file model38.pdb (PDB, C-alpha atoms, pLDDT in the B column)
ATOM      1  CA  MET A   1     201.666-160.692  57.462  1.00 66.00           C
ATOM      2  CA  VAL A   2     198.798-160.793  54.977  1.00 83.00           C
ATOM      3  CA  LYS A   3     199.666-161.542  51.375  1.00 80.00           C
ATOM      4  CA  ILE A   4     199.502-158.605  48.938  1.00 89.00           C
ATOM      5  CA  VAL A   5     199.315-159.558  45.259  1.00 91.00           C
ATOM      6  CA  LYS A   6     199.384-157.259  42.246  1.00 93.00           C
ATOM      7  CA  MET A   7     196.230-157.400  40.125  1.00 93.00           C
ATOM      8  CA  LYS A   8     198.242-158.632  37.136  1.00 91.00           C
ATOM      9  CA  GLY A   9     199.746-161.519  39.116  1.00 86.00           C
ATOM     10  CA  LEU A  10     196.522-163.175  40.261  1.00 93.00           C
ATOM     11  CA  ASN A  11     195.750-166.861  39.885  1.00 93.00           C
ATOM     12  CA  SER A  12     192.101-166.997  38.812  1.00 93.00           C
ATOM     13  CA  ALA A  13     191.385-170.480  40.225  1.00 96.00           C
ATOM     14  CA  ASP A  14     192.898-169.526  43.605  1.00 95.00           C
ATOM     15  CA  ILE A  15     190.872-166.285  43.835  1.00 96.00           C
ATOM     16  CA  VAL A  16     187.617-168.071  42.959  1.00 97.00           C
ATOM     17  CA  LYS A  17     188.343-170.741  45.592  1.00 97.00           C
ATOM     18  CA  ARG A  18     189.086-168.047  48.207  1.00 96.00           C
ATOM     19  CA  ILE A  19     185.854-166.198  47.355  1.00 97.00           C
ATOM     20  CA  LYS A  20     183.758-169.349  47.686  1.00 97.00           C
ATOM     21  CA  ARG A  21     185.260-170.321  51.053  1.00 97.00           C
ATOM     22  CA  GLY A  22     184.648-166.883  52.577  1.00 97.00           C
ATOM     23  CA  ASP A  23     188.099-165.274  52.718  1.00 97.00           C
ATOM     24  CA  ILE A  24     188.071-161.555  53.522  1.00 97.00           C
ATOM     25  CA  PHE A  25     189.512-159.492  50.641  1.00 97.00           C
ATOM     26  CA  ILE A  26     190.687-155.949  50.102  1.00 97.00           C
ATOM     27  CA  TYR A  27     190.259-155.457  46.368  1.00 97.00           C
ATOM     28  CA  PRO A  28     190.060-152.733  43.705  1.00 96.00           C
ATOM     29  CA  THR A  29     186.904-151.694  41.878  1.00 96.00           C
ATOM     30  CA  ASP A  30     186.173-149.152  39.154  1.00 95.00           C
ATOM     31  CA  THR A  31     185.671-146.593  41.913  1.00 93.00           C
ATOM     32  CA  ILE A  32     187.593-147.186  45.179  1.00 94.00           C
ATOM     33  CA  TYR A  33     189.150-150.049  47.132  1.00 96.00           C
ATOM     34  CA  GLY A  34     186.656-152.314  48.822  1.00 95.00           C
ATOM     35  CA  ILE A  35     186.578-154.922  51.533  1.00 96.00           C
ATOM     36  CA  GLY A  36     184.409-157.947  50.958  1.00 97.00           C
ATOM     37  CA  CYS A  37     183.660-161.643  51.091  1.00 97.00           C
ATOM     38  CA  ASN A  38     181.123-164.201  49.928  1.00 97.00           C
ATOM     39  CA  ALA A  39     177.805-162.567  50.910  1.00 96.00           C
ATOM     40  CA  LEU A  40     176.183-165.954  51.529  1.00 95.00           C
ATOM     41  CA  LEU A  41     178.489-166.807  54.457  1.00 95.00           C
ATOM     42  CA  PRO A  42     177.219-165.056  57.633  1.00 94.00           C
ATOM     43  CA  GLU A  43     180.426-165.583  59.657  1.00 95.00           C
ATOM     44  CA  SER A  44     182.542-163.847  57.001  1.00 96.00           C
ATOM     45  CA  VAL A  45     180.045-160.984  56.651  1.00 94.00           C
ATOM     46  CA  MET A  46     180.019-160.486  60.438  1.00 93.00           C
ATOM     47  CA  LYS A  47     183.824-160.392  60.459  1.00 95.00           C
ATOM     48  CA  ILE A  48     183.685-157.478  58.014  1.00 94.00           C
ATOM     49  CA  ARG A  49     181.170-155.730  60.292  1.00 91.00           C
ATOM     50  CA  ASP A  50     183.638-156.167  63.166  1.00 92.00           C
ATOM     51  CA  ILE A  51     186.607-154.946  61.101  1.00 92.00           C
ATOM     52  CA  LYS A  52     184.750-151.807  59.961  1.00 88.00           C
ATOM     53  CA  LYS A  53     183.038-151.247  63.322  1.00 84.00           C
ATOM     54  CA  ARG A  54     179.794-151.009  61.369  1.00 71.00           C
ATOM     55  CA  THR A  55     176.961-152.510  63.354  1.00 70.00           C
ATOM     56  CA  ASP A  56     173.719-151.923  61.486  1.00 78.00           C
ATOM     57  CA  LYS A  57     174.337-150.067  58.228  1.00 84.00           C
ATOM     58  CA  PRO A  58     173.542-152.331  55.243  1.00 88.00           C
ATOM     59  CA  PHE A  59     176.206-153.703  52.930  1.00 90.00           C
ATOM     60  CA  SER A  60     175.999-153.759  49.163  1.00 94.00           C
ATOM     61  CA  ILE A  61     176.985-156.676  46.976  1.00 96.00           C
ATOM     62  CA  ILE A  62     178.819-157.257  43.728  1.00 98.00           C
ATOM     63  CA  ALA A  63     176.500-159.470  41.705  1.00 98.00           C
ATOM     64  CA  PRO A  64     178.008-162.362  39.750  1.00 98.00           C
ATOM     65  CA  SER A  65     176.095-161.321  36.588  1.00 98.00           C
ATOM     66  CA  LYS A  66     173.302-159.185  35.179  1.00 97.00           C
ATOM     67  CA  GLU A  67     171.275-162.365  34.716  1.00 97.00           C
ATOM     68  CA  TRP A  68     171.674-163.130  38.427  1.00 97.00           C
ATOM     69  CA  ILE A  69     170.383-159.642  39.269  1.00 97.00           C
ATOM     70  CA  ALA A  70     167.372-160.012  36.933  1.00 97.00           C
ATOM     71  CA  LYS A  71     166.561-163.421  38.433  1.00 96.00           C
ATOM     72  CA  ASN A  72     166.743-162.239  42.056  1.00 96.00           C
ATOM     73  CA  PHE A  73     165.700-158.546  42.069  1.00 95.00           C
ATOM     74  CA  LYS A  74     162.999-156.262  40.773  1.00 94.00           C
ATOM     75  CA  VAL A  75     164.832-154.086  38.240  1.00 96.00           C
ATOM     76  CA  SER A  76     164.272-152.779  34.742  1.00 93.00           C
ATOM     77  CA  LYS A  77     166.454-153.896  31.848  1.00 93.00           C
ATOM     78  CA  ALA A  78     167.354-150.248  31.166  1.00 94.00           C
ATOM     79  CA  TYR A  79     169.323-150.110  34.429  1.00 96.00           C
ATOM     80  CA  LEU A  80     170.915-153.504  33.910  1.00 96.00           C
ATOM     81  CA  ASP A  81     172.198-152.263  30.549  1.00 96.00           C
ATOM     82  CA  LYS A  82     174.266-149.622  32.405  1.00 95.00           C
ATOM     83  CA  LEU A  83     176.248-152.373  34.154  1.00 97.00           C
ATOM     84  CA  PRO A  84     179.075-152.945  34.617  1.00 97.00           C
ATOM     85  CA  GLY A  85     179.754-149.421  35.789  1.00 95.00           C
ATOM     86  CA  PRO A  86     180.179-147.052  38.751  1.00 94.00           C
ATOM     87  CA  PHE A  87     176.608-147.495  40.016  1.00 96.00           C
ATOM     88  CA  THR A  88     175.051-149.100  43.067  1.00 96.00           C
ATOM     89  CA  TYR A  89     171.343-149.806  42.707  1.00 97.00           C
ATOM     90  CA  ILE A  90     169.142-150.133  45.772  1.00 96.00           C
ATOM     91  CA  LEU A  91     166.801-152.991  44.829  1.00 96.00           C
ATOM     92  CA  LYS A  92     164.090-155.160  46.343  1.00 94.00           C
ATOM     93  CA  PRO A  93     164.672-158.908  46.175  1.00 93.00           C
ATOM     94  CA  LYS A  94     161.947-160.892  44.417  1.00 93.00           C
ATOM     95  CA  LYS A  95     161.770-163.236  47.406  1.00 89.00           C
ATOM     96  CA  LYS A  96     162.606-162.906  51.094  1.00 85.00           C
ATOM     97  CA  GLY A  97     165.597-164.676  52.539  1.00 82.00           C
ATOM     98  CA  LEU A  98     168.018-164.048  49.677  1.00 82.00           C
ATOM     99  CA  PHE A  99     170.447-162.673  52.277  1.00 83.00           C
ATOM    100  CA  GLY A 100     170.579-162.792  56.034  1.00 78.00           C
ATOM    101  CA  LYS A 101     170.365-159.758  58.284  1.00 81.00           C
ATOM    102  CA  GLU A 102     174.181-159.766  58.344  1.00 86.00           C
ATOM    103  CA  VAL A 103     174.042-158.145  54.882  1.00 88.00           C
ATOM    104  CA  SER A 104     170.988-155.900  55.351  1.00 84.00           C
ATOM    105  CA  LYS A 105     168.312-155.579  58.011  1.00 77.00           C
ATOM    106  CA  PHE A 106     166.081-153.900  55.431  1.00 81.00           C
ATOM    107  CA  ASP A 107     163.990-155.343  52.615  1.00 87.00           C
ATOM    108  CA  THR A 108     166.386-153.823  50.078  1.00 92.00           C
ATOM    109  CA  VAL A 109     169.973-154.509  49.000  1.00 94.00           C
ATOM    110  CA  GLY A 110     172.554-152.366  47.222  1.00 95.00           C
ATOM    111  CA  VAL A 111     173.671-154.195  44.071  1.00 97.00           C
ATOM    112  CA  ARG A 112     176.457-153.415  41.625  1.00 97.00           C
ATOM    113  CA  ILE A 113     178.825-154.854  39.061  1.00 98.00           C
ATOM    114  CA  PRO A 114     181.994-152.747  38.944  1.00 97.00           C
ATOM    115  CA  ASP A 115     183.653-152.220  35.583  1.00 96.00           C
ATOM    116  CA  HIS A 116     186.861-153.800  36.858  1.00 96.00           C
ATOM    117  CA  LYS A 117     188.720-157.078  36.301  1.00 95.00           C
ATOM    118  CA  PHE A 118     187.964-158.156  39.891  1.00 96.00           C
ATOM    119  CA  SER A 119     184.275-158.520  38.959  1.00 97.00           C
ATOM    120  CA  LYS A 120     185.241-161.368  36.623  1.00 97.00           C
ATOM    121  CA  PHE A 121     186.417-163.395  39.637  1.00 97.00           C
ATOM    122  CA  VAL A 122     183.047-162.858  41.328  1.00 97.00           C
ATOM    123  CA  ALA A 123     181.330-163.951  38.112  1.00 98.00           C
ATOM    124  CA  ARG A 124     183.427-167.130  37.994  1.00 98.00           C
ATOM    125  CA  ALA A 125     182.662-167.870  41.666  1.00 98.00           C
ATOM    126  CA  LYS A 126     178.925-167.459  40.893  1.00 97.00           C
ATOM    127  CA  VAL A 127     178.184-166.011  44.335  1.00 97.00           C
ATOM    128  CA  PRO A 128     177.264-162.490  45.450  1.00 97.00           C
ATOM    129  CA  PHE A 129     180.195-160.696  47.083  1.00 97.00           C
ATOM    130  CA  ILE A 130     180.061-158.017  49.801  1.00 95.00           C
ATOM    131  CA  THR A 131     181.298-154.662  48.584  1.00 94.00           C
ATOM    132  CA  THR A 132     181.863-151.818  50.997  1.00 92.00           C
ATOM    133  CA  SER A 133     184.539-149.159  51.211  1.00 91.00           C
ATOM    134  CA  VAL A 134     187.700-150.294  52.975  1.00 92.00           C
ATOM    135  CA  ASN A 135     187.725-147.858  55.863  1.00 87.00           C
ATOM    136  CA  LEU A 136     186.487-147.604  59.394  1.00 80.00           C
ATOM    137  CA  SER A 137     182.885-146.430  59.494  1.00 75.00           C
ATOM    138  CA  GLY A 138     182.760-142.647  59.032  1.00 79.00           C
ATOM    139  CA  GLU A 139     186.251-142.277  57.547  1.00 84.00           C
ATOM    140  CA  GLU A 140     187.154-141.451  53.947  1.00 86.00           C
ATOM    141  CA  PRO A 141     187.190-144.387  51.488  1.00 88.00           C
ATOM    142  CA  ALA A 142     190.609-145.572  50.313  1.00 91.00           C
ATOM    143  CA  VAL A 143     191.872-145.116  46.758  1.00 92.00           C
ATOM    144  CA  ASP A 144     195.374-146.228  47.744  1.00 92.00           C
ATOM    145  CA  LEU A 145     196.468-149.183  49.901  1.00 94.00           C
ATOM    146  CA  ASP A 146     198.825-146.871  51.827  1.00 92.00           C
ATOM    147  CA  ARG A 147     195.775-145.023  53.190  1.00 89.00           C
ATOM    148  CA  ILE A 148     194.167-148.089  54.745  1.00 93.00           C
ATOM    149  CA  ALA A 149     194.372-148.370  58.526  1.00 90.00           C
ATOM    150  CA  HIS A 150     196.777-151.064  59.720  1.00 90.00           C
ATOM    151  CA  SER A 151     194.034-152.325  62.038  1.00 90.00           C
ATOM    152  CA  ILE A 152     192.088-153.294  58.896  1.00 93.00           C
ATOM    153  CA  LEU A 153     195.045-154.646  56.899  1.00 93.00           C
ATOM    154  CA  GLU A 154     195.965-157.011  59.742  1.00 93.00           C
ATOM    155  CA  GLN A 155     192.510-158.642  59.787  1.00 95.00           C
ATOM    156  CA  VAL A 156     192.004-159.589  56.145  1.00 96.00           C
ATOM    157  CA  ASP A 157     193.030-162.784  54.352  1.00 96.00           C
ATOM    158  CA  PHE A 158     194.078-161.343  50.996  1.00 95.00           C
ATOM    159  CA  ILE A 159     194.903-157.954  49.453  1.00 96.00           C
ATOM    160  CA  ILE A 160     194.821-157.196  45.730  1.00 96.00           C
ATOM    161  CA  ASP A 161     196.925-154.180  44.741  1.00 96.00           C
ATOM    162  CA  ASP A 162     195.928-152.299  41.598  1.00 96.00           C
ATOM    163  CA  GLY A 163     197.869-149.122  42.364  1.00 95.00           C
ATOM    164  CA  VAL A 164     196.285-145.761  43.095  1.00 94.00           C
ATOM    165  CA  LEU A 165     192.664-145.545  41.978  1.00 93.00           C
ATOM    166  CA  ASP A 166     191.806-142.060  40.755  1.00 81.00           C
ATOM    167  CA  ASN A 167     188.073-142.274  41.362  1.00 82.00           C
ATOM    168  CA  LYS A 168     185.268-141.557  43.796  1.00 85.00           C
ATOM    169  CA  ALA A 169     182.659-143.841  45.350  1.00 87.00           C
ATOM    170  CA  SER A 170     179.852-145.184  43.162  1.00 91.00           C
ATOM    171  CA  THR A 171     176.663-143.282  42.414  1.00 93.00           C
ATOM    172  CA  VAL A 172     173.853-144.794  44.474  1.00 95.00           C
ATOM    173  CA  LEU A 173     170.366-144.925  42.942  1.00 93.00           C
ATOM    174  CA  ASP A 174     167.304-146.124  44.843  1.00 94.00           C
ATOM    175  CA  LEU A 175     165.198-148.000  42.289  1.00 96.00           C
ATOM    176  CA  THR A 176     162.555-149.274  44.714  1.00 94.00           C
ATOM    177  CA  GLY A 177     159.958-146.555  44.100  1.00 90.00           C
ATOM    178  CA  ASP A 178     158.019-145.337  41.099  1.00 89.00           C
ATOM    179  CA  PHE A 179     160.909-143.038  40.131  1.00 90.00           C
ATOM    180  CA  PRO A 180     164.680-143.431  40.632  1.00 89.00           C
ATOM    181  CA  LYS A 181     166.080-141.438  43.536  1.00 92.00           C
ATOM    182  CA  ILE A 182     169.732-140.366  43.719  1.00 91.00           C
ATOM    183  CA  ILE A 183     171.100-141.211  47.181  1.00 91.00           C
ATOM    184  CA  ARG A 184     174.749-140.345  46.475  1.00 88.00           C
ATOM    185  CA  ARG A 185     176.391-138.814  43.445  1.00 84.00           C
TER
END

call {"tool": "encode", "arguments": {"input": "model38.pdb", "output": "structure tokens"}}
result
Amino acid sequence: MVKIVKMKGLNSADIVKRIKRGDIFIYPTDTIYGIGCNALLPESVMKIRDIKKRTDKPFSIIAPSKEWIAKNFKVSKAYLDKLPGPFTYILKPKKKGLFGKEVSKFDTVGVRIPDHKFSKFVARAKVPFITTSVNLSGEEPAVDLDRIAHSILEQVDFIIDDGVLDNKASTVLDLTGDFPKIIRR
């Protein structure tokens, strides 16, 4: 049985170590529960693709910091100032090869920093972290651990319980063109 730990009972050093080594997490955000791992480890990313039955749709990442985003992506400071928050920005990396095709087969990546305590663990790990809704592809995102399919729960390494999240998925803005484009509100 996978270990479920309350958000308040987390050991910071243990979580950072687990993130760095590629453990698969179910975790809370400022919007919904997510499933994720270290985005720089292809085997872990592919495991999430298998769990979600999501073959080619791109994943987004939780960035370790705004400075990391500014260093690696083309984005205006005005948008960075809105983070952390319930936004996912579609951005172009400044250089190719930042992520493998396991994250995105496109030349863009969804990037966010949730306004949630879990983001602090990602910041301490100093690595980008996959963030995608914890559901099978095409199903409703989970705001409560009780609504997550057992087939998913059985395949993860660690679950962080922060109770029922009374939110909706993040607003997605495509910032790759001359003007921002709302993809999802």

call {"tool": "atom_distance", "arguments": {"input": "model38.pdb", "atom1": "atom CA of Val16 of chain A", "atom2": "atom CA of Lys117 of chain A"}}
result
12.9 Å

call {"tool": "closest_residue", "arguments": {"input": "model38.pdb", "among": "A:Gly22, A:Lys95, A:Phe87, A:Val134", "to": "Ser170 of chain A", "atoms": "all atoms listed in the file"}}
result
A:Phe87

call {"tool": "atom_distance", "arguments": {"input": "model38.pdb", "atom1": "atom CA of Thr108 of chain A", "atom2": "atom CA of Phe73 of chain A"}}
result
9.3 Å

call {"tool": "atom_distance", "arguments": {"input": "model38.pdb", "atom1": "atom CA of Lys126 of chain A", "atom2": "atom CA of Trp68 of chain A"}}
result
8.8 Å

call {"tool": "axis_aligned_box", "arguments": {"input": "model38.pdb", "around": "segment 92-107 of chain A", "padding_each_side": "4 Å", "output": "JSON"}}
result
{"center_x": 168.0, "center_y": -159.3, "center_z": 51.4, "size_x": 20.4, "size_y": 18.8, "size_z": 21.9}

call {"tool": "resolve_selection", "arguments": {"input": "model38.pdb", "expression": "the PyMOL selection byres ((chain A and resi 139) around 12)", "output": "VMD selection string"}}
result
chain A and resid 52 to 54 133 to 138 140 to 142 147 to 149

call {"tool": "residues_around", "arguments": {"input": "model38.pdb", "residues": "Thr29 of chain A", "least_positions_apart": "5", "cutoff": "8 Å", "atoms": "all atoms listed in the file", "output": "count of residues only"}}
result
7

call {"tool": "residues_around", "arguments": {"input": "model38.pdb", "residues": "Val164 of chain A", "least_positions_apart": "2", "cutoff": "10 Å", "atoms": "all atoms listed in the file", "output": "list of chain:residue names"}}
result
A:Pro28, A:Ile32, A:Tyr33, A:Ala142, A:Val143, A:Asp144, A:Leu145, A:Asp146, A:Asp161, A:Asp162, A:Asp166, A:Asn167
